[in-house]
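J.: Let me give you the structure first, and then I'll get to my questions.
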Amino acid sequence: MKNQDGASELIDRYLFAVGEELPRDSRADVTKELRTLIEDKLEDRAQALGKPIDAALVCYVLQEIGDPSSVARRFDPKPEYLIGPRFYPAFIKFLKIGLAGLAALILLQTLVSHLSAPTQIFTVATLWTIVRNDFQLGVMLFGEAVIVLAILERTSLGRRVTSEAWSSKSWDPRFLPELPETEDDRVSAAGMAIEICLIVFFAGILNFAPDWVGVLMVNDSGHPLFVKVTEFGLYLPVLALDIWWAWAVALKFAVIAQRRWTKLTRWLEIGQGLLGAGVLFAIATYSSIHTPASSPQIAPALPVFRLVLSIAPFAVLIQPLIRAFRLVRGHPEIARAK
């Protein structure tokens, strides 16, 4: 079909909007099938009306087919509850990651607790203390995820469609979002929603329940002992961490609202990454890691912790530097297209 008055671009934007609502593994097949359906309808309408295919005719056909969200649900009619159709997949993925993380945490704490007091008997009471503490963390984590995802679902920031012209009864294809310049600029709303949930969770713990930040182990008498990270000499600049996390959350909200990465948001991401590297560098510099007086048995593991702490700033710094290089150099895909 020839591109007359932006008709072809309008179809591409419509298919892109539908594809954003679909699972990645079925996106290509569904949009291909939908494109064929649209083109067949356009040919039929053009012949019946005796006029060429133009943007006005495309708008008419697309309005007849339906808004992108409704069409996507026809092709992917899974039951989605609790959070809502947009972020339900993110919630399920978050549950899987969280459950796996809690299981790994319980296993790690059990192992550390046993090694920290190898001469003591690891009792059921000790294991119950570990599981109980982690269960409380899990409840907080999932409760916070429900709140964050529900807010995303019910605000304009979390919606695919923000214009009144996109309502289910009457919507205008001319308000479809522009296509991203590259595939790398495409946004995974589910992935970003999970990242927002994790950031909010850790920020909430650090600000409102700092006594929960620590390590659970067994002391020499065989009883469970919780050691705060501050007892290890770890420096935590709460204000700097909050600024870093707030920047990250605000940026992710903005990208979700725009439905794509832009050069501006990419540069903001680079700035946020540089800030994060600086915060971690300050933590590594001002922390004086030492053995807690209450847990001298943890001393052999501290050199590894010091090594991880010194490497962390440089590991975080790599991504923004690579992203800045790519932006300055330009996207190869765009260069080939010109």
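Just so we're on the same page: first chain in the structure tokens is A, next is B, and so on; residues restart at 1 for each chain, and ligands are numbered from 1 in the order they show up.
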Name the residues in contact with A:Ser310 at a cut-off of 9 Å, using only C-alpha atoms, excluding same-chain residues fewer than 6 positions from it; report them as a PyMOL selection string.

T.: chain A and resi 280-281+284-285

J.: Store the residues of this selection in a file with N, CA and C atoms, as a CSV table (one decimal), in the first residue's frame.

T.:
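Saved result, again.csv, follows:
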chain,number,residue,atom,x,y,z
A,280,LEU,N,27.7,5.2,45.7
A,280,LEU,CA,28.4,4.0,46.0
A,280,LEU,C,29.9,4.2,46.3
A,281,PHE,N,30.5,5.2,45.6
A,281,PHE,CA,31.9,5.5,45.8
A,281,PHE,C,32.1,6.1,47.2
A,284,ALA,N,31.8,3.3,49.8
A,284,ALA,CA,33.0,2.6,49.8
A,284,ALA,C,34.1,3.3,50.5
A,285,THR,N,34.2,4.6,50.3
A,285,THR,CA,35.3,5.5,50.8
A,285,THR,C,35.1,5.7,52.3

J.: Find the residues around A:Val238 up to 10 Å (only C-alpha atoms counted), leave out those fewer than 5 positions away in its own chain, and share them as a list of chain:residue names.

T.: A:Ala203, A:Leu206, A:Asn207, A:Ile243, A:Trp244, A:Val279

J.: So what do you get for atom CA of A:Phe91 versus atom CA of A:Ala190, distance-wise?

T.: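 Separating atom CA of A:Phe91 from atom CA of A:Ala190 is a distance of 8.1 Å.
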